[in-house]
$ cat run23.cif   # mmCIF, C-alpha atoms
data_final
#
loop_
_atom_site.group_PDB
_atom_site.id
_atom_site.type_symbol
_atom_site.label_atom_id
_atom_site.label_comp_id
_atom_site.auth_asym_id
_atom_site.auth_seq_id
_atom_site.Cartn_x
_atom_site.Cartn_y
_atom_site.Cartn_z
ATOM 1 C CA MET Q 1 60.372 -184.424 -20.548
ATOM 2 C CA PRO Q 2 62.533 -187.152 -18.969
ATOM 3 C CA ALA Q 3 61.941 -188.665 -15.544
ATOM 4 C CA ASP Q 4 64.359 -186.270 -13.808
ATOM 5 C CA GLY Q 5 62.254 -183.318 -14.915
ATOM 6 C CA ARG Q 6 64.978 -181.589 -16.935
ATOM 7 C CA PRO Q 7 63.924 -180.274 -20.361
ATOM 8 C CA THR Q 8 65.286 -181.899 -23.509
ATOM 9 C CA LEU Q 9 66.456 -180.386 -26.791
ATOM 10 C CA GLN Q 10 63.029 -181.132 -28.253
ATOM 11 C CA ASP Q 11 61.385 -179.202 -25.415
ATOM 12 C CA LEU Q 12 63.642 -176.212 -26.111
ATOM 13 C CA GLN Q 13 62.984 -176.287 -29.846
ATOM 14 C CA SER Q 14 59.226 -176.549 -29.295
ATOM 15 C CA SER Q 15 59.177 -173.594 -26.901
ATOM 16 C CA THR Q 16 61.300 -171.299 -29.081
ATOM 17 C CA ALA Q 17 60.023 -172.216 -32.543
ATOM 18 C CA LYS Q 18 58.494 -169.352 -34.470
ATOM 19 C CA HIS Q 19 55.092 -170.225 -35.817
ATOM 20 C CA ARG Q 20 54.726 -169.039 -39.407
ATOM 21 C CA LYS Q 21 51.499 -167.235 -40.104
ATOM 22 C CA VAL Q 22 49.523 -168.982 -42.808
ATOM 23 C CA LYS Q 23 48.355 -166.534 -45.466
ATOM 24 C CA ALA Q 24 45.352 -166.938 -47.720
ATOM 25 C CA THR Q 25 46.223 -167.848 -51.302
ATOM 26 C CA ARG Q 26 42.742 -168.414 -52.699
ATOM 27 C CA GLY Q 27 39.458 -166.575 -53.047
ATOM 28 C CA PHE Q 28 38.926 -162.933 -52.138
ATOM 29 C CA ARG Q 29 41.361 -163.234 -49.207
ATOM 30 C CA GLY Q 30 44.055 -164.457 -51.578
ATOM 31 C CA VAL Q 31 43.365 -161.529 -53.914
ATOM 32 C CA ILE Q 32 43.999 -159.118 -51.022
ATOM 33 C CA THR Q 33 47.268 -160.866 -50.128
ATOM 34 C CA ARG Q 34 48.537 -160.657 -53.720
ATOM 35 C CA ALA Q 35 47.254 -157.136 -54.361
ATOM 36 C CA THR Q 36 49.036 -155.753 -51.282
ATOM 37 C CA ARG Q 37 52.091 -157.993 -51.794
ATOM 38 C CA GLY Q 38 51.541 -159.455 -48.359
ATOM 39 C CA VAL Q 39 51.306 -156.152 -46.469
ATOM 40 C CA ILE Q 40 47.740 -157.124 -45.728
ATOM 41 C CA SER Q 41 47.562 -160.874 -45.426
ATOM 42 C CA PRO Q 42 44.322 -162.302 -44.055
ATOM 43 C CA GLY Q 43 44.295 -165.893 -42.940
ATOM 44 C CA PRO Q 44 42.783 -168.551 -45.186
ATOM 45 C CA GLY Q 45 39.038 -169.080 -45.306
ATOM 46 C CA LYS Q 46 37.295 -172.213 -44.072
ATOM 47 C CA LYS Q 47 37.663 -174.155 -47.349
ATOM 48 C CA GLU Q 48 41.371 -173.379 -47.680
ATOM 49 C CA ARG Q 49 41.983 -174.168 -43.999
ATOM 50 C CA LEU Q 50 40.430 -177.596 -44.537
ATOM 51 C CA GLU Q 51 42.683 -178.175 -47.551
ATOM 52 C CA ILE Q 52 45.764 -177.170 -45.560
ATOM 53 C CA GLU Q 53 44.750 -179.418 -42.667
ATOM 54 C CA ARG Q 54 44.219 -182.352 -45.045
ATOM 55 C CA LEU Q 55 47.682 -181.924 -46.570
ATOM 56 C CA GLU Q 56 49.247 -181.681 -43.119
ATOM 57 C CA ARG Q 57 47.632 -185.000 -42.224
ATOM 58 C CA ILE Q 58 49.029 -186.651 -45.360
ATOM 59 C CA ARG Q 59 52.495 -185.146 -44.847
ATOM 60 C CA ARG Q 60 52.835 -185.982 -41.165
ATOM 61 C CA PRO Q 61 56.149 -187.649 -40.303
ATOM 62 C CA LEU Q 62 56.239 -191.398 -39.726
ATOM 63 C CA ASP Q 63 58.619 -193.057 -37.282
ATOM 64 C CA GLY Q 64 59.348 -195.975 -39.606
ATOM 65 C CA PRO Q 65 58.342 -197.676 -42.868
ATOM 66 C CA ARG Q 66 54.648 -198.402 -43.316
ATOM 67 C CA ASN Q 67 52.619 -200.827 -45.457
ATOM 68 C CA ILE Q 68 49.208 -200.130 -46.978
ATOM 69 C CA ALA Q 69 47.494 -203.221 -48.430
ATOM 70 C CA VAL Q 70 44.665 -202.724 -50.942
ATOM 71 C CA VAL Q 71 42.285 -205.697 -50.961
ATOM 72 C CA ASN Q 72 39.161 -207.192 -52.508
ATOM 73 C CA LEU Q 73 38.761 -210.786 -53.685
ATOM 74 C CA LYS Q 74 37.014 -209.831 -56.937
ATOM 75 C CA GLY Q 75 38.717 -208.793 -60.136
ATOM 76 C CA GLY Q 76 37.495 -205.453 -61.452
ATOM 77 C CA ALA Q 77 37.036 -204.007 -57.960
ATOM 78 C CA HIS Q 78 39.461 -201.140 -58.760
ATOM 79 C CA LYS Q 79 42.306 -202.506 -56.584
ATOM 80 C CA THR Q 80 44.968 -201.507 -59.097
ATOM 81 C CA THR Q 81 43.384 -198.110 -59.755
ATOM 82 C CA ALA Q 82 43.185 -197.498 -56.011
ATOM 83 C CA SER Q 83 46.800 -198.570 -55.494
ATOM 84 C CA LEU Q 84 47.953 -196.177 -58.213
ATOM 85 C CA MET Q 85 45.887 -193.256 -56.936
ATOM 86 C CA ILE Q 86 46.932 -193.735 -53.314
ATOM 87 C CA ALA Q 87 50.598 -193.984 -54.314
ATOM 88 C CA ALA Q 88 50.331 -190.969 -56.641
ATOM 89 C CA THR Q 89 48.540 -188.870 -54.034
ATOM 90 C CA LEU Q 90 51.172 -189.783 -51.442
ATOM 91 C CA GLY Q 91 54.031 -189.168 -53.876
ATOM 92 C CA VAL Q 92 52.771 -185.778 -55.023
ATOM 93 C CA SER Q 93 51.848 -184.652 -51.502
ATOM 94 C CA ARG Q 94 54.810 -186.050 -49.558
ATOM 95 C CA GLY Q 95 57.501 -185.710 -52.217
ATOM 96 C CA GLY Q 96 58.519 -189.307 -52.852
ATOM 97 C CA ASN Q 97 59.746 -192.370 -50.904
ATOM 98 C CA VAL Q 98 56.616 -194.231 -52.018
ATOM 99 C CA LEU Q 99 56.410 -197.622 -53.746
ATOM 100 C CA ALA Q 100 53.392 -199.233 -55.431
ATOM 101 C CA TRP Q 101 54.038 -202.991 -55.297
ATOM 102 C CA ASP Q 102 52.089 -205.550 -57.319
ATOM 103 C CA ASN Q 103 51.931 -208.563 -55.008
ATOM 104 C CA ASN Q 104 49.655 -210.614 -57.227
ATOM 105 C CA GLU Q 105 49.894 -214.409 -57.134
ATOM 106 C CA THR Q 106 48.876 -214.466 -60.794
ATOM 107 C CA ARG Q 107 49.513 -211.965 -63.569
ATOM 108 C CA GLY Q 108 49.004 -208.455 -62.131
ATOM 109 C CA THR Q 109 48.413 -205.326 -64.195
ATOM 110 C CA LEU Q 110 49.965 -202.635 -62.003
ATOM 111 C CA GLY Q 111 53.097 -202.540 -64.169
ATOM 112 C CA TRP Q 112 51.007 -202.065 -67.315
ATOM 113 C CA ARG Q 113 49.069 -199.188 -65.747
ATOM 114 C CA GLY Q 114 52.181 -197.223 -64.818
ATOM 115 C CA VAL Q 115 54.359 -194.966 -66.941
ATOM 116 C CA PRO Q 116 56.382 -197.310 -69.212
ATOM 117 C CA THR Q 117 60.107 -197.798 -68.650
ATOM 118 C CA GLU Q 118 62.886 -199.305 -70.743
ATOM 119 C CA HIS Q 119 63.265 -202.415 -68.588
ATOM 120 C CA HIS Q 120 60.671 -205.111 -67.853
ATOM 121 C CA ARG Q 121 62.082 -206.554 -64.630
ATOM 122 C CA THR Q 122 59.680 -207.541 -61.885
ATOM 123 C CA ALA Q 123 59.475 -208.587 -58.255
ATOM 124 C CA VAL Q 124 60.707 -212.049 -59.273
ATOM 125 C CA ASP Q 125 63.933 -210.574 -60.710
ATOM 126 C CA LEU Q 126 64.410 -208.535 -57.560
ATOM 127 C CA LEU Q 127 63.886 -211.632 -55.442
ATOM 128 C CA HIS Q 128 66.631 -213.449 -57.371
ATOM 129 C CA ASP Q 129 69.038 -210.551 -56.653
ATOM 130 C CA ILE Q 130 67.826 -209.777 -53.134
ATOM 131 C CA GLU Q 131 71.275 -210.206 -51.571
ATOM 132 C CA SER Q 132 72.505 -207.077 -53.348
ATOM 133 C CA LEU Q 133 69.955 -205.003 -51.405
ATOM 134 C CA ARG Q 134 71.024 -206.464 -48.080
ATOM 135 C CA SER Q 135 74.506 -205.012 -48.346
ATOM 136 C CA PRO Q 136 75.157 -202.122 -45.938
ATOM 137 C CA SER Q 137 76.373 -200.102 -48.916
ATOM 138 C CA ALA Q 138 73.191 -200.659 -50.968
ATOM 139 C CA SER Q 139 71.462 -197.469 -52.117
ATOM 140 C CA ASN Q 140 68.361 -196.420 -54.013
ATOM 141 C CA ALA Q 141 70.406 -196.576 -57.208
ATOM 142 C CA ASP Q 142 70.636 -200.353 -56.777
ATOM 143 C CA LEU Q 143 66.838 -200.513 -57.146
ATOM 144 C CA ASP Q 144 66.773 -198.641 -60.458
ATOM 145 C CA PRO Q 145 67.051 -201.811 -62.611
ATOM 146 C CA TYR Q 146 63.947 -203.273 -60.928
ATOM 147 C CA VAL Q 147 61.454 -200.486 -60.223
ATOM 148 C CA ARG Q 148 59.636 -198.161 -62.609
ATOM 149 C CA PRO Q 149 59.732 -194.427 -61.731
ATOM 150 C CA GLN Q 150 56.466 -192.572 -62.295
ATOM 151 C CA GLY Q 151 57.806 -189.117 -63.103
ATOM 152 C CA GLU Q 152 55.935 -186.136 -61.685
ATOM 153 C CA MET Q 153 53.855 -188.422 -59.459
ATOM 154 C CA ARG Q 154 57.034 -189.197 -57.495
ATOM 155 C CA PHE Q 155 56.481 -192.860 -56.734
ATOM 156 C CA ASP Q 156 57.921 -196.104 -58.096
ATOM 157 C CA ILE Q 157 56.246 -199.307 -59.244
ATOM 158 C CA LEU Q 158 57.471 -202.836 -58.558
ATOM 159 C CA ALA Q 159 55.592 -204.994 -61.077
ATOM 160 C CA SER Q 160 54.556 -208.614 -60.712
ATOM 161 C CA ASP Q 161 55.852 -211.174 -63.184
ATOM 162 C CA GLU Q 162 53.805 -211.661 -66.355
ATOM 163 C CA ASP Q 163 54.338 -215.418 -66.177
ATOM 164 C CA PRO Q 164 51.911 -216.846 -63.560
ATOM 165 C CA GLY Q 165 54.325 -219.736 -62.977
ATOM 166 C CA SER Q 166 57.122 -217.339 -62.056
ATOM 167 C CA ALA Q 167 54.844 -215.108 -59.996
ATOM 168 C CA ALA Q 168 53.968 -218.154 -57.893
ATOM 169 C CA LEU Q 169 57.555 -218.006 -56.575
ATOM 170 C CA ILE Q 170 56.410 -215.101 -54.396
ATOM 171 C CA ASP Q 171 55.052 -216.981 -51.404
ATOM 172 C CA ASP Q 172 54.795 -215.683 -47.837
ATOM 173 C CA HIS Q 173 58.520 -216.228 -47.188
ATOM 174 C CA ALA Q 174 59.531 -214.442 -50.382
ATOM 175 C CA PHE Q 175 57.105 -211.628 -49.580
ATOM 176 C CA GLY Q 176 58.803 -211.199 -46.214
ATOM 177 C CA GLU Q 177 62.249 -211.059 -47.806
ATOM 178 C CA LEU Q 178 61.155 -208.438 -50.327
ATOM 179 C CA ASP Q 179 59.280 -206.438 -47.715
ATOM 180 C CA GLU Q 180 62.267 -206.318 -45.384
ATOM 181 C CA ALA Q 181 64.644 -205.235 -48.153
ATOM 182 C CA LEU Q 182 62.294 -202.629 -49.644
ATOM 183 C CA SER Q 183 61.615 -201.111 -46.232
ATOM 184 C CA ARG Q 184 65.184 -199.807 -46.235
ATOM 185 C CA PHE Q 185 64.410 -197.571 -49.201
ATOM 186 C CA TYR Q 186 60.729 -196.634 -49.040
ATOM 187 C CA ARG Q 187 58.838 -194.863 -46.273
ATOM 188 C CA ILE Q 188 55.453 -196.091 -47.560
ATOM 189 C CA LYS Q 189 54.636 -199.183 -49.650
ATOM 190 C CA VAL Q 190 51.187 -199.449 -51.254
ATOM 191 C CA ILE Q 191 50.593 -203.146 -51.937
ATOM 192 C CA ASP Q 192 48.195 -204.200 -54.691
ATOM 193 C CA THR Q 193 46.949 -207.734 -53.983
ATOM 194 C CA GLY Q 194 45.425 -210.660 -55.857
ATOM 195 C CA ASN Q 195 42.087 -212.404 -55.513
ATOM 196 C CA ASN Q 196 42.930 -215.485 -53.457
ATOM 197 C CA VAL Q 197 42.339 -215.103 -49.728
ATOM 198 C CA ARG Q 198 44.230 -218.362 -49.125
ATOM 199 C CA ALA Q 199 47.349 -217.507 -51.157
ATOM 200 C CA SER Q 200 50.257 -217.253 -48.725
ATOM 201 C CA ASN Q 201 51.571 -214.011 -50.221
ATOM 202 C CA TRP Q 202 48.069 -212.472 -49.966
ATOM 203 C CA LEU Q 203 47.863 -213.352 -46.282
ATOM 204 C CA ALA Q 204 51.408 -212.105 -45.714
ATOM 205 C CA ALA Q 205 50.531 -208.733 -47.242
ATOM 206 C CA VAL Q 206 47.413 -208.399 -45.093
ATOM 207 C CA LYS Q 207 49.281 -209.360 -41.920
ATOM 208 C CA SER Q 208 52.076 -206.911 -42.728
ATOM 209 C CA ALA Q 209 49.673 -204.028 -43.323
ATOM 210 C CA ASP Q 210 49.777 -201.075 -40.984
ATOM 211 C CA GLN Q 211 46.661 -199.962 -42.836
ATOM 212 C CA LEU Q 212 44.262 -202.201 -44.713
ATOM 213 C CA VAL Q 213 42.264 -200.545 -47.520
ATOM 214 C CA ILE Q 214 39.133 -202.382 -48.652
ATOM 215 C CA ILE Q 215 38.232 -201.134 -52.122
ATOM 216 C CA SER Q 216 34.973 -201.850 -53.930
ATOM 217 C CA THR Q 217 32.949 -200.499 -56.771
ATOM 218 C CA VAL Q 218 29.234 -200.026 -56.139
ATOM 219 C CA ARG Q 219 28.441 -203.109 -58.244
ATOM 220 C CA GLU Q 220 26.749 -205.940 -56.387
ATOM 221 C CA ASP Q 221 29.421 -208.524 -57.235
ATOM 222 C CA THR Q 222 32.332 -206.440 -55.940
ATOM 223 C CA PHE Q 223 30.751 -205.138 -52.743
ATOM 224 C CA ASN Q 224 29.483 -208.636 -51.913
ATOM 225 C CA ALA Q 225 33.036 -209.955 -52.455
ATOM 226 C CA ALA Q 226 34.341 -207.272 -50.095
ATOM 227 C CA ALA Q 227 31.747 -208.164 -47.460
ATOM 228 C CA TRP Q 228 32.563 -211.889 -47.771
ATOM 229 C CA MET Q 229 36.275 -211.111 -47.445
ATOM 230 C CA ILE Q 230 35.612 -209.191 -44.227
ATOM 231 C CA ASP Q 231 33.780 -212.210 -42.803
ATOM 232 C CA GLU Q 232 36.686 -214.477 -43.834
ATOM 233 C CA LEU Q 233 39.281 -212.188 -42.247
ATOM 234 C CA ARG Q 234 37.355 -212.093 -38.995
ATOM 235 C CA ALA Q 235 36.956 -215.895 -39.059
ATOM 236 C CA THR Q 236 40.722 -216.342 -39.476
ATOM 237 C CA GLY Q 237 41.663 -214.117 -36.532
ATOM 238 C CA LEU Q 238 42.354 -210.908 -38.454
ATOM 239 C CA GLY Q 239 39.453 -208.926 -37.035
ATOM 240 C CA GLU Q 240 41.719 -206.176 -35.701
ATOM 241 C CA GLN Q 241 42.963 -205.501 -39.228
ATOM 242 C CA VAL Q 242 39.363 -205.101 -40.353
ATOM 243 C CA ASP Q 243 38.434 -202.860 -37.428
ATOM 244 C CA HIS Q 244 41.331 -200.542 -38.332
ATOM 245 C CA ALA Q 245 40.674 -200.666 -42.092
ATOM 246 C CA VAL Q 246 39.457 -197.908 -44.404
ATOM 247 C CA THR Q 247 36.784 -198.767 -46.979
ATOM 248 C CA ILE Q 248 36.778 -196.910 -50.303
ATOM 249 C CA LEU Q 249 33.671 -197.073 -52.475
ATOM 250 C CA SER Q 250 34.558 -196.303 -56.094
ATOM 251 C CA HIS Q 251 31.822 -195.101 -58.440
ATOM 252 C CA SER Q 252 32.199 -197.127 -61.623
ATOM 253 C CA SER Q 253 29.734 -195.231 -63.823
ATOM 254 C CA LYS Q 254 28.522 -191.698 -64.452
ATOM 255 C CA GLY Q 255 24.998 -192.527 -63.364
ATOM 256 C CA LYS Q 256 23.480 -191.524 -60.065
ATOM 257 C CA PHE Q 257 24.199 -193.712 -57.063
ATOM 258 C CA ASP Q 258 20.979 -195.294 -55.753
ATOM 259 C CA PRO Q 259 20.542 -193.512 -52.380
ATOM 260 C CA THR Q 260 19.071 -196.573 -50.683
ATOM 261 C CA LEU Q 261 21.972 -198.769 -51.802
ATOM 262 C CA ARG Q 262 24.440 -196.050 -50.806
ATOM 263 C CA SER Q 263 22.973 -195.886 -47.301
ATOM 264 C CA ARG Q 264 23.159 -199.674 -46.938
ATOM 265 C CA LEU Q 265 26.783 -199.838 -48.087
ATOM 266 C CA LEU Q 266 27.851 -196.965 -45.853
ATOM 267 C CA ALA Q 267 26.093 -198.612 -42.910
ATOM 268 C CA HIS Q 268 27.522 -202.088 -43.565
ATOM 269 C CA PHE Q 269 31.148 -201.105 -44.156
ATOM 270 C CA GLY Q 270 30.944 -198.338 -41.563
ATOM 271 C CA ALA Q 271 29.990 -200.965 -38.966
ATOM 272 C CA HIS Q 272 33.066 -203.041 -39.816
ATOM 273 C CA THR Q 273 35.820 -200.532 -40.636
ATOM 274 C CA ARG Q 274 37.269 -197.371 -39.138
ATOM 275 C CA ALA Q 275 36.183 -195.068 -41.966
ATOM 276 C CA VAL Q 276 34.415 -195.127 -45.333
ATOM 277 C CA ALA Q 277 35.292 -192.813 -48.236
ATOM 278 C CA GLU Q 278 33.797 -192.399 -51.696
ATOM 279 C CA VAL Q 279 35.628 -191.557 -54.922
ATOM 280 C CA PRO Q 280 33.913 -190.477 -58.149
ATOM 281 C CA TYR Q 281 33.791 -192.009 -61.586
ATOM 282 C CA GLU Q 282 36.827 -191.004 -63.661
ATOM 283 C CA GLN Q 283 36.755 -191.433 -67.437
ATOM 284 C CA GLN Q 284 40.543 -191.878 -67.657
ATOM 285 C CA PHE Q 285 40.394 -195.086 -65.628
ATOM 286 C CA VAL Q 286 38.005 -196.822 -68.022
ATOM 287 C CA ASP Q 287 40.459 -197.477 -70.861
ATOM 288 C CA GLY Q 288 43.047 -199.171 -68.616
ATOM 289 C CA THR Q 289 46.010 -197.181 -69.982
ATOM 290 C CA HIS Q 290 48.805 -195.771 -67.815
ATOM 291 C CA LEU Q 291 47.887 -193.227 -65.180
ATOM 292 C CA ASP Q 292 48.262 -189.664 -66.470
ATOM 293 C CA TRP Q 293 48.125 -187.386 -63.425
ATOM 294 C CA SER Q 294 47.606 -184.257 -65.528
ATOM 295 C CA ARG Q 295 44.368 -185.702 -66.933
ATOM 296 C CA VAL Q 296 42.822 -186.659 -63.595
ATOM 297 C CA SER Q 297 39.961 -184.290 -62.775
ATOM 298 C CA LYS Q 298 40.115 -181.915 -59.814
ATOM 299 C CA ALA Q 299 37.111 -183.600 -58.217
ATOM 300 C CA THR Q 300 38.793 -187.010 -58.409
ATOM 301 C CA LYS Q 301 42.077 -185.685 -57.009
ATOM 302 C CA LYS Q 302 40.227 -184.045 -54.122
ATOM 303 C CA ALA Q 303 38.330 -187.242 -53.314
ATOM 304 C CA TRP Q 304 41.553 -189.275 -53.290
ATOM 305 C CA LEU Q 305 43.222 -186.619 -51.116
ATOM 306 C CA ASP Q 306 40.377 -187.054 -48.614
ATOM 307 C CA ALA Q 307 40.674 -190.846 -48.764
ATOM 308 C CA THR Q 308 44.462 -190.770 -48.471
ATOM 309 C CA ALA Q 309 44.292 -188.476 -45.441
ATOM 310 C CA LEU Q 310 42.045 -191.064 -43.755
ATOM 311 C CA ILE Q 311 44.549 -193.780 -44.659
ATOM 312 C CA VAL Q 312 47.543 -191.856 -43.277
ATOM 313 C CA ASP Q 313 45.579 -191.191 -40.078
ATOM 314 C CA GLY Q 314 45.853 -194.937 -39.481
ATOM 315 C CA LEU Q 315 49.624 -195.098 -39.969
#

$ encode --input "run23.cif" --output "structure tokens"
Amino acid sequence: MPADGRPTLQDLQSSTAKHRKVKATRGFRGVITRATRGVISPGPGKKERLEIERLERIRRPLDGPRNIAVVNLKGGAHKTTASLMIAATLGVSRGGNVLAWDNNETRGTLGWRGVPTEHHRTAVDLLHDIESLRSPSASNADLDPYVRPQGEMRFDILASDEDPGSAALIDDHAFGELDEALSRFYRIKVIDTGNNVRASNWLAAVKSADQLVIISTVREDTFNAAAWMIDELRATGLGEQVDHAVTILSHSSKGKFDPTLRSRLLAHFGAHTRAVAEVPYEQQFVDGTHLDWSRVSKATKKAWLDATALIVDGL
């Protein structure tokens, strides 16, 4: 309500809006709803209510474009897998306007892991033609020659250049130019990063992030790299980014997770970051082929929904 005390249009709409009753669709309650064709429609049970609440968190409106940066300084830490799964979960749940962007200072693999397209253009090509996106008349169609649509997952990929020499053209200034242009067309950008904490485009991605995601497998080399990176970020004045971050621990094998190690990792990363989530081992991710959403297990999708809800909470 404004300072003069008079109600606004939003106040009127809020006070007169009809709240739709949520009906159960699953379990015994869902059976009753379907059997009576909605004449008797009990509300959802606890499990379904939690699922609805989680989706509402992911789908909440944002008042501007947002960046999510996925980081770890060790190769094989599941950065690219995490970037794909976050983008896919957002795309499927929110209905699009999501970009997965490979901001690697060397040869990144995000483009290889996506659904193939006819063209092979990358962020470097887009940078060369950036002026076309700055035109007031530019539209999403102008991005089609550069990004790679991911079908039913409803997100796009902007790949890094396969030539490390060309990819090096993306420094902090170039990152800023691309970020500004892409923000006109995407509500959320999920940025896959490289392994060099001192690369200017890496630092630019971290500084631009509305939500930092620290990803690690439960292998000693990758979680130690994540812990060292946290110390480096704090030492370089980026402690607030760490405090606000979400840590995702990715199980990289089918074997049982050592409970003592699990407790230590949860305690360490929980002391540094806003939240810690765990995602299970997924056979499909092992072979490194393109992400096939239909083959991802229900347990894995649920875990990434939980993680993505935590991420969107921070946006």

$ closest_residue --input "run23.cif" --among "Q:Ile188, Q:Ala82, Q:Ala87, Q:Val147" --to "Q:His120" --atoms "only C-alpha atoms"
Q:Val147

$ resolve_selection --input "run23.cif" --expression "the PyMOL selection byres ((chain Q and resi 94) around 9)" --output "JSON, numbers by chain"
{"Q": [55, 58, 59, 60, 89, 90, 91, 92, 93, 95, 96, 97, 98, 154]}

$ atom_distance --input "run23.cif" --atom1 "atom CA of Q:Asn103" --atom2 "atom CA of Q:Asp172"
10.5 Å

$ residues_near_point --input "run23.cif" --point "(38.0, -210.2, -40.1)" --cutoff "12 Å" --atoms "all atoms listed in the file" --output "PyMOL selection string"
chain Q and resi 197+206-207+212+214+226-245+272-273

$ resolve_selection --input "run23.cif" --expression "the PyMOL selection byres ((chain Q and resi 127) around 9)" --output "list in words"
Thr122, Ala123, Val124, Asp125, Leu126, His128, Asp129, Ile130, Glu131, Ile170, Ala174, Phe175, Glu177 and Leu178 of chain Q

$ resolve_selection --input "run23.cif" --expression "the PyMOL selection byres ((chain Q and resi 192) around 9)" --output "PyMOL selection string"
chain Q and resi 68-71+79-80+82-84+100-104+108+110+190-191+193-194

$ residues_around --input "run23.cif" --residues "Q:Pro280" --least-positions-apart "4" --cutoff "7 Å" --atoms "all atoms listed in the file" --output "CSV table (one decimal) with C-alpha atoms, keeping the file's coordinate frame"
chain,number,residue,atom,x,y,z
Q,250,SER,CA,34.6,-196.3,-56.1
Q,251,HIS,CA,31.8,-195.1,-58.4
Q,300,THR,CA,38.8,-187.0,-58.4

$ closest_residue --input "run23.cif" --among "Q:Met153, Q:Leu291, Q:Val276, Q:Leu99" --to "Q:Thr81" --atoms "all atoms listed in the file"
Q:Leu291

$ atom_distance --input "run23.cif" --atom1 "atom CA of Q:His78" --atom2 "atom CA of Q:Asn195"
12.0 Å

$ axis_aligned_box --input "run23.cif" --around "stretch 145-160 of chain Q" --padding-each-side "4 Å" --output "AutoDock Vina command-line options"
--center_x 60.5 --center_y -197.4 --center_z -59.9 --size_x 21.2 --size_y 30.5 --size_z 14.4

$ residues_around --input "run23.cif" --residues "Q:Arg148" --least-positions-apart "4" --cutoff "8 Å" --atoms "only C-alpha atoms" --output "short mmCIF file (atom, residue, chain, number, x, y, z; two decimals) with C-alpha atoms, keeping the file's coordinate frame"
data_model
loop_
_atom_site.label_atom_id
_atom_site.label_comp_id
_atom_site.auth_asym_id
_atom_site.auth_seq_id
_atom_site.Cartn_x
_atom_site.Cartn_y
_atom_site.Cartn_z
CA GLY Q 114 52.18 -197.22 -64.82
CA VAL Q 115 54.36 -194.97 -66.94
CA PRO Q 116 56.38 -197.31 -69.21
CA THR Q 117 60.11 -197.80 -68.65
CA ASP Q 144 66.77 -198.64 -60.46
CA ASP Q 156 57.92 -196.10 -58.10
CA ILE Q 157 56.25 -199.31 -59.24
CA LEU Q 158 57.47 -202.84 -58.56
#

$ atom_distance --input "run23.cif" --atom1 "atom CA of Q:Leu266" --atom2 "atom CA of Q:Ile311"
17.0 Å
